[in-house]
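Everything below belongs to target_39.txt, which stores compact mmCIF, C-alpha atoms and all ligand atoms.
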```txt
# COMPACT_ATOMS: atom_id res chain seq x y z
CA PRO A 1 -9.23 36.57 6.23
CA GLN A 2 -6.27 38.64 7.38
CA LEU A 3 -3.01 36.96 8.20
CA ALA A 4 -1.83 37.50 11.77
CA LEU A 5 1.29 36.21 13.39
CA ALA A 6 0.86 34.30 16.62
CA GLY A 7 2.54 36.19 19.42
CA CYS A 8 5.41 37.83 17.51
CA SER A 9 6.19 40.57 15.05
CA LEU A 10 6.89 39.88 11.40
CA ASN A 11 10.58 40.62 11.77
CA SER A 12 11.35 38.81 14.99
CA CYS A 13 9.70 35.45 14.63
CA SER A 14 10.13 32.60 12.21
CA ARG A 15 6.91 30.86 13.24
CA ALA A 16 4.44 30.13 10.47
CA PRO A 17 1.69 32.73 9.97
CA MET A 18 -1.75 31.85 11.34
CA LEU A 19 -5.14 32.81 10.01
CA ALA A 20 -6.67 35.52 12.21
CA GLY A 21 -9.27 33.97 14.47
CA SER A 22 -7.82 30.48 14.41
CA PRO A 23 -6.97 28.99 17.80
CA ARG A 24 -3.53 29.65 19.20
CA PRO A 25 -1.37 26.56 19.22
CA PHE A 26 -1.11 24.73 22.53
CA PRO A 27 2.22 25.04 24.28
CA SER A 28 4.25 22.09 23.11
CA GLN A 29 4.21 20.42 26.54
CA ARG A 30 0.45 19.92 26.13
CA TYR A 31 1.32 17.19 23.64
CA LEU A 32 3.58 15.27 26.04
CA PRO A 33 2.09 12.01 27.31
CA HIS A 34 2.35 13.27 30.91
CA SER A 35 0.08 10.54 32.26
CA LEU A 36 2.65 7.84 31.49
CA PRO A 37 5.01 6.91 34.32
CA SER A 38 8.65 7.86 33.76
CA PRO A 39 10.83 4.90 32.85
CA PRO A 40 13.03 3.63 35.69
CA PRO A 41 16.64 4.88 35.53
CA PRO A 42 18.93 2.28 33.93
CA SER A 43 20.80 0.24 36.52
CA VAL A 44 24.58 0.57 36.42
CA PRO A 45 26.19 -2.53 34.90
CA PRO A 46 28.56 -4.41 37.22
CA PRO A 47 32.30 -4.15 36.54
CA VAL A 48 33.68 -6.75 34.12
CA SER A 49 36.10 -9.23 35.67
CA ALA A 50 39.10 -10.61 33.80
CA SER A 51 38.12 -14.28 34.10
CA ARG A 52 36.09 -15.89 31.30
CA ARG A 53 33.55 -17.30 33.73
CA ASP A 54 32.91 -13.91 35.23
CA PHE A 55 32.80 -12.44 31.75
CA LEU A 56 30.06 -14.87 30.65
CA GLN A 57 28.06 -14.21 33.81
CA THR A 58 28.42 -10.50 33.27
CA ALA A 59 27.43 -10.78 29.62
CA SER A 60 24.22 -12.62 30.45
CA ALA A 61 23.43 -10.09 33.20
CA LEU A 62 23.99 -7.27 30.71
CA ALA A 63 21.77 -9.01 28.17
CA ALA A 64 19.06 -9.51 30.80
CA ALA A 65 19.31 -5.80 31.69
CA GLY A 66 18.91 -4.91 28.01
CA PHE A 67 22.45 -3.64 27.41
CA LEU A 68 23.44 -6.39 24.96
CA PRO A 69 21.43 -8.01 22.19
CA ARG A 70 20.08 -11.38 23.26
CA SER A 71 20.04 -14.19 20.74
CA LEU A 72 16.40 -14.67 19.83
CA PRO A 73 14.91 -17.94 18.59
CA ALA A 74 14.65 -17.92 14.80
CA LEU A 75 11.22 -17.04 13.42
CA PRO A 76 9.66 -19.79 11.34
CA SER A 77 9.65 -19.43 7.58
CA ILE A 78 8.29 -21.65 4.87
CA SER A 79 11.74 -21.90 3.27
CA SER A 80 13.21 -23.33 6.49
CA VAL A 81 10.93 -26.36 6.30
CA VAL A 82 11.38 -27.14 2.61
CA SER A 83 14.12 -29.44 1.30
CA PRO A 84 16.98 -28.30 -0.94
CA GLU A 85 15.16 -29.94 -3.86
CA PHE A 86 12.17 -27.72 -3.11
CA ARG A 87 10.09 -26.74 -6.11
CA ALA A 88 7.17 -24.30 -5.88
CA ARG A 89 4.02 -24.36 -7.99
CA PRO A 90 4.64 -21.22 -10.03
CA CYS A 91 1.68 -18.87 -9.94
CA VAL A 92 0.69 -15.23 -10.25
CA VAL A 93 -2.15 -13.57 -8.32
CA ALA A 94 -3.56 -10.10 -8.82
CA SER A 95 -6.58 -7.91 -8.32
CA ALA A 96 -9.38 -8.73 -10.77
CA ASN A 97 -8.30 -6.02 -13.23
CA GLY A 98 -5.04 -8.00 -13.63
CA LEU A 99 -6.68 -10.87 -15.49
CA ARG A 100 -4.77 -10.13 -18.70
CA GLY A 101 -1.61 -9.31 -16.77
CA VAL A 102 -1.41 -12.56 -14.77
CA LYS A 103 -1.21 -14.56 -18.01
CA VAL A 104 1.59 -12.36 -19.34
CA ALA A 105 3.47 -12.60 -16.04
CA TYR A 106 2.93 -16.36 -15.71
CA ASP A 107 4.22 -17.02 -19.24
CA ARG A 108 7.29 -14.95 -18.42
CA ILE A 109 8.14 -16.63 -15.11
CA THR A 110 7.67 -20.09 -16.57
CA ALA A 111 10.02 -19.06 -19.39
CA GLY A 112 12.62 -18.23 -16.74
CA GLU A 113 12.20 -14.47 -16.44
CA ASP A 114 12.74 -12.68 -13.14
CA PRO A 115 9.46 -12.57 -11.15
CA LEU A 116 9.53 -8.79 -10.62
CA ASP A 117 10.17 -8.04 -14.30
CA ALA A 118 7.35 -10.45 -15.15
CA ILE A 119 4.72 -8.89 -12.88
CA ILE A 120 5.70 -5.35 -13.85
CA ALA A 121 5.09 -6.35 -17.47
CA GLY A 122 1.72 -7.63 -16.21
CA VAL A 123 0.68 -4.39 -14.49
CA ASN A 124 2.01 -2.25 -17.37
CA ILE A 125 -0.98 -3.51 -19.38
CA GLN A 126 -3.38 -1.71 -17.01
CA GLU A 127 -1.12 1.31 -16.55
CA LEU A 128 -1.09 1.90 -20.30
CA ASP A 129 -4.78 1.11 -20.82
CA PRO A 130 -6.73 4.40 -20.97
CA GLU A 131 -9.95 2.52 -20.19
CA ASP A 132 -8.74 1.53 -16.69
CA GLN A 133 -9.53 4.69 -14.74
CA SER A 134 -7.82 3.47 -11.56
CA VAL A 135 -4.23 3.19 -12.79
CA GLY A 136 -1.71 5.06 -14.93
CA LEU A 137 -2.90 6.63 -18.20
CA GLY A 138 -6.59 7.53 -17.85
CA GLY A 139 -6.56 7.37 -14.04
CA LEU A 140 -9.13 9.60 -12.35
CA PRO A 141 -7.51 12.87 -11.20
CA ASN A 142 -7.32 14.67 -7.88
CA ALA A 143 -9.65 17.48 -6.82
CA GLU A 144 -7.78 19.92 -9.09
CA GLY A 145 -8.03 17.69 -12.15
CA VAL A 146 -4.41 16.49 -11.98
CA VAL A 147 -3.59 12.78 -12.30
CA THR A 148 -1.04 11.73 -9.66
CA LEU A 149 0.20 8.16 -9.39
CA ASP A 150 1.66 5.92 -6.66
CA ALA A 151 3.51 2.60 -7.00
CA SER A 152 5.85 0.28 -5.12
CA CYS A 153 7.57 -3.03 -5.71
CA MET A 154 9.68 -5.60 -3.90
CA HIS A 155 12.14 -8.16 -5.22
CA GLY A 156 12.27 -11.15 -2.90
CA PRO A 157 15.54 -12.82 -3.96
CA THR A 158 17.59 -9.65 -3.38
CA ARG A 159 15.45 -8.21 -0.55
CA ARG A 160 15.12 -4.84 -2.30
CA ALA A 161 12.24 -2.39 -2.60
CA GLY A 162 11.42 0.77 -4.54
CA ALA A 163 8.52 3.21 -4.64
CA VAL A 164 7.25 6.50 -6.02
CA ALA A 165 4.36 8.60 -4.71
CA CYS A 166 2.34 11.49 -6.11
CA ILE A 167 4.20 11.39 -9.41
CA GLU A 168 2.71 13.20 -12.44
CA ASP A 169 2.96 12.66 -16.19
CA ILE A 170 4.60 9.21 -16.18
CA ALA A 171 2.21 6.42 -17.22
CA THR A 172 4.17 3.51 -15.73
CA PRO A 173 5.03 4.37 -12.11
CA SER A 174 5.69 0.67 -11.41
CA LEU A 175 8.74 0.92 -13.66
CA VAL A 176 9.83 4.15 -12.00
CA ALA A 177 9.52 2.39 -8.60
CA LYS A 178 11.77 -0.35 -9.95
CA ALA A 179 14.24 2.25 -11.23
CA VAL A 180 14.35 3.76 -7.71
CA MET A 181 15.15 0.26 -6.46
CA ASP A 182 17.71 -0.50 -9.16
CA TYR A 183 19.54 2.81 -9.47
CA THR A 184 19.36 4.61 -6.12
CA ASP A 185 20.27 4.02 -2.50
CA HIS A 186 16.70 4.99 -1.56
CA VAL A 187 13.32 3.31 -1.39
CA LEU A 188 10.77 6.10 -1.97
CA LEU A 189 10.82 9.24 -4.15
CA VAL A 190 7.86 11.63 -4.22
CA GLY A 191 6.23 14.43 -6.18
CA PRO A 192 8.05 16.64 -8.69
CA GLN A 193 11.43 15.13 -7.78
CA ALA A 194 10.12 11.64 -8.55
CA ARG A 195 8.97 12.95 -11.94
CA ARG A 196 12.37 14.57 -12.54
CA PHE A 197 14.13 11.34 -11.58
CA ALA A 198 11.94 9.41 -14.02
CA ILE A 199 12.76 11.80 -16.87
CA GLU A 200 16.47 11.55 -16.05
CA MET A 201 16.07 7.77 -16.22
CA GLY A 202 14.63 8.04 -19.72
CA PHE A 203 10.87 7.95 -19.12
CA THR A 204 8.82 10.18 -21.42
CA PRO A 205 6.35 12.57 -19.77
CA GLN A 206 2.85 12.71 -21.20
CA ASN A 207 -0.60 14.05 -20.33
CA LEU A 208 -2.33 11.25 -18.36
CA LEU A 209 -5.76 12.91 -18.16
CA THR A 210 -7.93 11.32 -20.84
CA GLU A 211 -11.01 13.13 -22.11
CA LYS A 212 -13.24 10.54 -20.39
CA SER A 213 -11.59 11.10 -17.01
CA ARG A 214 -11.63 14.88 -17.53
CA GLN A 215 -15.39 14.78 -18.20
CA ASP A 216 -15.92 12.70 -15.04
CA TRP A 217 -13.90 15.22 -13.05
CA LEU A 218 -15.90 18.15 -14.46
CA ARG A 219 -19.15 16.42 -13.47
CA TRP A 220 -17.84 15.68 -9.99
CA ARG A 221 -16.78 19.29 -9.56
CA ALA A 222 -20.11 20.65 -10.78
CA ARG A 223 -21.90 18.65 -8.10
CA LEU A 224 -19.71 19.44 -5.14
CA ASN A 225 -22.63 21.24 -3.48
CA PRO A 226 -25.76 23.10 -4.61
CA ASN A 227 -24.09 26.48 -4.05
CA ASP A 228 -20.87 25.91 -5.95
CA MET A 229 -20.12 28.16 -8.90
CA TYR A 230 -20.66 25.47 -11.54
CA LEU A 231 -24.01 24.57 -13.07
CA ASP A 232 -24.94 20.91 -12.74
CA TYR A 233 -25.37 19.16 -16.07
CA ASP A 234 -26.06 15.75 -17.44
CA GLY A 235 -28.16 14.88 -14.40
CA ASN A 236 -28.38 11.17 -15.09
CA VAL A 237 -24.66 10.47 -14.96
CA LYS A 238 -23.63 8.57 -11.84
CA ILE A 239 -20.38 10.01 -10.51
CA LYS A 240 -17.81 7.41 -9.69
CA PHE A 241 -15.87 7.66 -6.45
CA HIS A 242 -13.61 4.70 -6.53
CA THR A 243 -10.32 3.44 -5.32
CA GLY A 244 -9.17 0.98 -7.95
CA THR A 245 -5.57 -0.12 -8.17
CA ILE A 246 -3.67 -3.14 -9.45
CA ASN A 247 -1.62 -5.41 -7.20
CA MET A 248 0.25 -8.42 -8.61
CA ASN A 249 2.43 -11.06 -6.92
CA ALA A 250 4.36 -14.01 -8.38
CA VAL A 251 6.28 -17.04 -7.24
CA THR A 252 8.56 -18.95 -9.60
CA SER A 253 9.23 -22.71 -9.65
CA SER A 254 12.37 -22.13 -7.61
CA GLY A 255 10.36 -20.23 -4.97
CA ASP A 256 11.49 -16.71 -5.84
CA ILE A 257 8.85 -14.12 -5.09
CA ALA A 258 8.04 -10.55 -6.11
CA SER A 259 5.22 -8.06 -5.60
CA VAL A 260 4.08 -4.78 -7.16
CA THR A 261 1.19 -2.35 -6.69
CA THR A 262 0.36 0.66 -8.87
CA THR A 263 -2.53 3.13 -8.79
CA SER A 264 -3.91 6.56 -9.55
CA GLY A 265 -5.31 6.48 -6.01
CA MET A 266 -8.61 7.71 -4.72
CA ALA A 267 -10.58 9.71 -7.28
CA TRP A 268 -10.92 13.46 -6.51
CA LYS A 269 -8.43 13.18 -3.63
CA VAL A 270 -7.03 16.20 -1.83
CA PRO A 271 -3.93 17.23 -3.82
CA GLY A 272 -0.88 15.65 -2.24
CA ARG A 273 -2.78 12.63 -0.94
CA VAL A 274 -0.83 9.38 -1.07
CA GLY A 275 -2.54 6.06 -0.48
CA ASP A 276 -1.27 2.66 0.60
CA SER A 277 0.10 1.54 -2.78
CA PRO A 278 3.57 3.13 -2.47
CA ILE A 279 3.88 2.23 1.22
CA ILE A 280 6.07 -0.84 1.62
CA GLY A 281 4.24 -3.17 3.99
CA ALA A 282 0.82 -1.67 3.25
CA GLY A 283 0.21 -1.67 -0.53
CA GLN A 284 2.43 -4.69 -1.05
CA TYR A 285 5.08 -6.73 0.74
CA CYS A 286 7.27 -9.66 -0.14
CA ASP A 287 9.59 -11.90 1.90
CA ASN A 288 11.35 -14.52 -0.17
CA THR A 289 11.29 -17.00 2.72
CA VAL A 290 7.52 -16.80 3.19
CA GLY A 291 5.39 -15.20 0.45
CA ALA A 292 3.90 -11.95 -0.76
CA ALA A 293 0.74 -9.93 -0.27
CA GLY A 294 -0.83 -6.74 -1.56
CA SER A 295 -4.01 -4.75 -1.54
CA THR A 296 -6.46 -2.63 -3.50
CA GLY A 297 -9.26 -0.43 -2.22
CA ARG A 298 -9.37 2.22 0.48
CA GLY A 299 -5.71 2.82 1.22
CA GLU A 300 -6.32 4.93 4.34
CA ALA A 301 -7.86 1.88 6.02
CA ASN A 302 -4.98 -0.40 5.06
CA ILE A 303 -2.10 1.90 5.98
CA LYS A 304 -3.02 1.81 9.67
CA ALA A 305 -2.90 -1.99 9.74
CA CYS A 306 0.22 -2.41 7.53
CA GLY A 307 -1.93 -5.04 5.85
CA ALA A 308 0.51 -6.59 3.36
CA PHE A 309 3.26 -6.93 5.96
CA LEU A 310 0.82 -8.35 8.48
CA ALA A 311 -0.43 -10.93 5.98
CA VAL A 312 3.12 -12.13 5.31
CA GLU A 313 3.80 -12.28 9.05
CA PHE A 314 0.63 -14.33 9.63
CA MET A 315 1.76 -16.72 6.88
CA ARG A 316 5.21 -16.91 8.48
CA GLN A 317 3.50 -18.01 11.68
CA GLY A 318 1.90 -20.88 9.77
CA LEU A 319 -1.48 -19.58 8.64
CA GLY A 320 -2.60 -20.41 5.11
CA PRO A 321 -3.01 -17.40 2.78
CA GLU A 322 -6.80 -17.27 3.08
CA GLU A 323 -6.88 -17.27 6.86
CA ALA A 324 -3.98 -14.81 6.97
CA LEU A 325 -5.87 -12.36 4.75
CA LEU A 326 -9.15 -12.70 6.65
CA ARG A 327 -7.31 -11.96 9.88
CA VAL A 328 -5.75 -8.89 8.26
CA MET A 329 -9.23 -7.74 7.24
CA GLN A 330 -10.38 -8.19 10.84
CA ARG A 331 -7.41 -6.15 12.03
CA VAL A 332 -8.23 -3.39 9.53
CA ILE A 333 -11.78 -3.21 10.85
CA ALA A 334 -10.53 -3.19 14.44
CA MET A 335 -8.35 -0.19 13.51
CA THR A 336 -11.15 1.70 11.74
CA GLU A 337 -12.61 4.90 13.19
CA ASP A 338 -16.31 4.89 14.05
CA ARG A 339 -17.35 7.26 11.24
CA LEU A 340 -16.41 4.58 8.70
CA LEU A 341 -18.30 1.78 10.44
CA GLY A 342 -22.03 1.11 10.34
CA PRO A 343 -24.10 0.63 13.50
CA ASN A 344 -23.39 -3.09 13.16
CA GLY A 345 -19.63 -2.45 13.21
CA ARG A 346 -19.25 -3.38 9.55
CA PRO A 347 -17.02 -1.20 7.34
CA ARG A 348 -18.52 1.33 4.93
CA PHE A 349 -15.59 0.91 2.49
CA ASP A 350 -14.10 -1.71 0.22
CA LEU A 351 -10.63 -3.15 0.65
CA GLN A 352 -9.25 -6.35 -0.89
CA PHE A 353 -6.13 -8.34 -0.11
CA TYR A 354 -4.26 -10.89 -2.25
CA ALA A 355 -1.50 -13.27 -1.16
CA LEU A 356 0.62 -16.19 -2.25
CA THR A 357 3.07 -18.42 -0.42
CA LYS A 358 6.55 -19.58 -1.34
CA ASP A 359 5.17 -23.02 -2.23
CA GLY A 360 2.50 -21.61 -4.55
CA ARG A 361 -0.71 -21.45 -2.48
CA PHE A 362 -2.77 -18.32 -2.97
CA ALA A 363 -5.91 -16.46 -1.87
CA GLY A 364 -7.84 -13.23 -2.11
CA ALA A 365 -10.00 -11.87 0.69
CA THR A 366 -12.22 -8.92 1.44
CA ALA A 367 -14.87 -7.77 3.87
CA TYR A 368 -17.97 -8.48 1.76
CA GLU A 369 -19.02 -11.44 -0.33
CA GLY A 370 -18.89 -11.03 -4.10
CA ALA A 371 -15.41 -9.83 -5.05
CA SER A 372 -13.02 -11.81 -7.27
CA PHE A 373 -9.30 -11.86 -7.91
CA ALA A 374 -7.18 -12.96 -10.87
CA VAL A 375 -4.86 -15.94 -10.82
CA CYS A 376 -2.75 -17.79 -13.37
CA ASP A 377 -1.07 -21.12 -12.72
CA GLU A 378 -0.86 -24.38 -14.66
CA GLN A 379 -4.68 -24.18 -15.08
CA GLY A 380 -4.45 -20.88 -16.95
CA PRO A 381 -5.75 -17.37 -16.19
CA ARG A 382 -9.09 -17.07 -14.38
CA LEU A 383 -11.08 -15.11 -11.83
CA VAL A 384 -11.57 -16.75 -8.42
CA LYS A 385 -13.97 -15.66 -5.67
CA CYS A 386 -12.42 -13.85 -2.71
CA ALA A 387 -12.91 -15.20 0.80
CA TYR A 388 -14.98 -12.80 2.88
CA LEU A 389 -16.09 -11.95 6.39
CA PHE A 390 -19.64 -10.69 5.81
CA LYS A 391 -22.60 -11.19 3.50
CA GLU A 392 -23.37 -8.27 1.17
CA SER A 393 -26.66 -7.82 3.04
CA GLU A 394 -24.64 -6.86 6.16
CA ARG A 395 -23.07 -3.85 4.42
CA PRO A 396 -24.27 -0.61 6.10
CA LYS A 397 -26.70 1.31 3.88
N1 LIG B 401 -5.35 1.45 -2.63
C1 LIG B 401 -5.12 2.55 -3.43
C2 LIG B 401 -5.27 3.85 -2.78
O1 LIG B 401 -5.96 3.95 -1.77
O2 LIG B 401 -4.71 4.81 -3.23
```
When written as structure tokens, how does the structure in this file appear?
Amino acid sequence: PQLALAGCSLNSCSRAPMLAGSPRPFPSQRYLPHSLPSPPPPSVPPPVSASRRDFLQTASALAAAGFLPRSLPALPSISSVVSPEFRARPCVVASANGLRGVKVAYDRITAGEDPLDAIIAGVNIQELDPEDQSVGLGGLPNAEGVVTLDASCMHGPTRRAGAVACIEDIATPSLVAKAVMDYTDHVLLVGPQARRFAIEMGFTPQNLLTEKSRQDWLRWRARLNPNDMYLDYDGNVKIKFHTGTINMNAVTSSGDIASVTTTSGMAWKVPGRVGDSPIIGAGQYCDNTVGAAGSTGRGEANIKACGAFLAVEFMRQGLGPEEALLRVMQRVIAMTEDRLLGPNGRPRFDLQFYALTKDGRFAGATAYEGASFAVCDEQGPRLVKCAYLFKESERPK
């Protein structure tokens, strides 16, 4: 189609070109929430008198009118109710693909290593494993056959975070996220600049598209629709469309907490798509006074509920990790658009959450019965069943 400019000549207007025949943009005032009442004008604060008594009265009136910050009651935290001799049960929890990683991370934290370094060593195993097609090297590519990766991490003791999104050619984005945290004043770097930053930091670029993932992509592309320009082949191969990821969280014996999530994101995604994994508060979150949480699965569903942050906030309010995660799952479903729900209101997608508390309790939870998560504590590494909201038979067909 021909390019036409909306309401201006080429030389006189800096507006973006529109495709001929596409609707003209609404005037910007159409987007104003004109049905909302205007806020009342702020009342004028009274003059401040010189006497202390008058000053205090005035200050509380100003606070009540919203001009001064009021002192709010402290929010509860698990650390505020533990004694100075507090000792946590060290443990590491992860998505099921982290079964090897939780052992590595647990051995490291019990040997005294920093919890974030330990769990990043744990997720590096999957990032560097070409057989895991949901993370790092060997991850399934986007619609154009390009592998792009997302990751984020948080370090509880120092209250820091780092993330990268849509980064290419670097197999361990979890380490790049940590480098953003350690070496910059920022939290999130994206795209080609994230790649450039990684190379400046000493990471080696490499081709992340394995032959197996390339073949899967070719098959997906050939079956886009019956009229596409590619001939279907290998008719018996089931095309995967999955949203794997690895999330890992750890608490040390002194109650220090860290969290990390890393992924190649949704297979065959629209180029530029970023999921929940690099979003602090969605893909993972950690508060050293409470606990940590993270997620795997359909990131679009999680982002709208800020699931990892919400889980930590529920735990701060006193819920155990399992109930906190189930409530997050309920919130996700409540925030889900109709097209992704069955007639029974059940979600058509998979999303899992994992959490641990400062004192070493942990859980995994999801919508449907049957999923597992990985844990390592004094009993060793193992898979544990996730809590769930619905039986598998309730999943919409
Ligand atoms: N949870 C990973 C993603 O949606 O990209």
State, in Å with one decimal place, the distance from CA of Ala292 in chain A to CA of Gly380 in chain A.
20.3 Å
May I have a table of the residues of chain A lying at most 9 Å from ligand LIG 401 (chain B), giving each one's closest pair of atoms and their distance in Å to one decimal, counting all atoms listed in the file, ordered by chain and ascending residue number, as JSON lines?
```
{"residue": "A:Ser134", "atom": "CA", "partner": "B:LIG401", "partner_atom": "C1", "distance": 8.6}
{"residue": "A:Leu149", "atom": "CA", "partner": "B:LIG401", "partner_atom": "O2", "distance": 8.6}
{"residue": "A:Asp150", "atom": "CA", "partner": "B:LIG401", "partner_atom": "O2", "distance": 7.3}
{"residue": "A:Thr243", "atom": "CA", "partner": "B:LIG401", "partner_atom": "C1", "distance": 5.6}
{"residue": "A:Gly244", "atom": "CA", "partner": "B:LIG401", "partner_atom": "C1", "distance": 6.3}
{"residue": "A:Thr245", "atom": "CA", "partner": "B:LIG401", "partner_atom": "C1", "distance": 5.5}
{"residue": "A:Ile246", "atom": "CA", "partner": "B:LIG401", "partner_atom": "N1", "distance": 8.4}
{"residue": "A:Thr261", "atom": "CA", "partner": "B:LIG401", "partner_atom": "N1", "distance": 8.6}
{"residue": "A:Thr262", "atom": "CA", "partner": "B:LIG401", "partner_atom": "C1", "distance": 7.9}
{"residue": "A:Thr263", "atom": "CA", "partner": "B:LIG401", "partner_atom": "C1", "distance": 6.0}
{"residue": "A:Ser264", "atom": "CA", "partner": "B:LIG401", "partner_atom": "O2", "distance": 6.6}
{"residue": "A:Gly265", "atom": "CA", "partner": "B:LIG401", "partner_atom": "O2", "distance": 3.3}
{"residue": "A:Met266", "atom": "CA", "partner": "B:LIG401", "partner_atom": "O2", "distance": 5.1}
{"residue": "A:Ala267", "atom": "CA", "partner": "B:LIG401", "partner_atom": "O2", "distance": 8.7}
{"residue": "A:Arg273", "atom": "CA", "partner": "B:LIG401", "partner_atom": "O2", "distance": 8.4}
{"residue": "A:Val274", "atom": "CA", "partner": "B:LIG401", "partner_atom": "O2", "distance": 6.4}
{"residue": "A:Gly275", "atom": "CA", "partner": "B:LIG401", "partner_atom": "O2", "distance": 3.7}
{"residue": "A:Asp276", "atom": "CA", "partner": "B:LIG401", "partner_atom": "N1", "distance": 5.3}
{"residue": "A:Ser277", "atom": "CA", "partner": "B:LIG401", "partner_atom": "C1", "distance": 5.4}
{"residue": "A:Pro278", "atom": "CA", "partner": "B:LIG401", "partner_atom": "O2", "distance": 8.5}
{"residue": "A:Gly283", "atom": "CA", "partner": "B:LIG401", "partner_atom": "N1", "distance": 6.7}
{"residue": "A:Ser295", "atom": "CA", "partner": "B:LIG401", "partner_atom": "N1", "distance": 6.4}
{"residue": "A:Thr296", "atom": "CA", "partner": "B:LIG401", "partner_atom": "N1", "distance": 4.3}
{"residue": "A:Gly297", "atom": "CA", "partner": "B:LIG401", "partner_atom": "N1", "distance": 4.4}
{"residue": "A:Arg298", "atom": "CA", "partner": "B:LIG401", "partner_atom": "O1", "distance": 4.4}
{"residue": "A:Gly299", "atom": "CA", "partner": "B:LIG401", "partner_atom": "O1", "distance": 3.2}
{"residue": "A:Glu300", "atom": "CA", "partner": "B:LIG401", "partner_atom": "O1", "distance": 6.2}
{"residue": "A:Ala301", "atom": "CA", "partner": "B:LIG401", "partner_atom": "O1", "distance": 8.3}
{"residue": "A:Asn302", "atom": "CA", "partner": "B:LIG401", "partner_atom": "N1", "distance": 7.9}
{"residue": "A:Ile303", "atom": "CA", "partner": "B:LIG401", "partner_atom": "O1", "distance": 8.9}
{"residue": "A:Leu351", "atom": "CA", "partner": "B:LIG401", "partner_atom": "N1", "distance": 7.7}
{"residue": "A:Gln352", "atom": "CA", "partner": "B:LIG401", "partner_atom": "N1", "distance": 8.9}
```
What is the CA of Pro141 in chain A to CA of Trp268 in chain A distance in Å?
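Interatomic distance here is 5.8 Å.
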Surrounding residues of Glu127 in chain A excluding itself and chain neighbours under 2 positions, 12 Å, all atoms listed in the file, as a ChimeraX atom specification
/A:97-98,101,120-125,129-139,149-151,170-175,208,244-247,261-264
Just how far from CA of Gly307 in chain A is CA of Tyr106 in chain A, in Å to one decimal?
24.8 Å
Find the residues around Phe390 in chain A up to 9 Å (all atoms listed in the file counted), leave out those fewer than 3 positions away in its own chain, and share them as a PyMOL selection string.
chain A and resi 346+366-369+393-395
Skipping near chain neighbours, those fewer than 5 positions away, what residues fall within 9 Å of Ala163 in chain A using all atoms listed in the file, listed as a list in words?
Asp150, Ala151, Ser152, Cys153, Met154, Pro173, Ser174, Val176, Ala177, Lys178, Ala179, Val180, Met181, His186, Val187, Leu188, Leu189, Val190, Ser277, Pro278, Ile279 and Ile280 of chain A
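Among the candidates A:Tyr354, A:Ala374, A:Leu389, A:Gln317, the residue lying nearest to Gln330 in chain A is A:Leu389 (atoms considered: all atoms listed in the file).
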Quick one: residues within 8 Å of (-8.5, -13.2, -7.7) (file frame), counting all atoms listed in the file, please, as a PyMOL selection string.
chain A and resi 93-96+354+363-364+372-375+382-386
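Between Glu378 in chain A and the residues A:Ala88, A:Leu310, A:Ile167, A:Ile333, the shortest atom-to-atom distance, using only C-alpha atoms, involves A:Ala88.
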Would you mind telling me which residue in A:Gln126, A:Asn142, A:Thr357, A:Thr110 lies nearest to Trp217 in chain A when using only C-alpha atoms?
A:Asn142
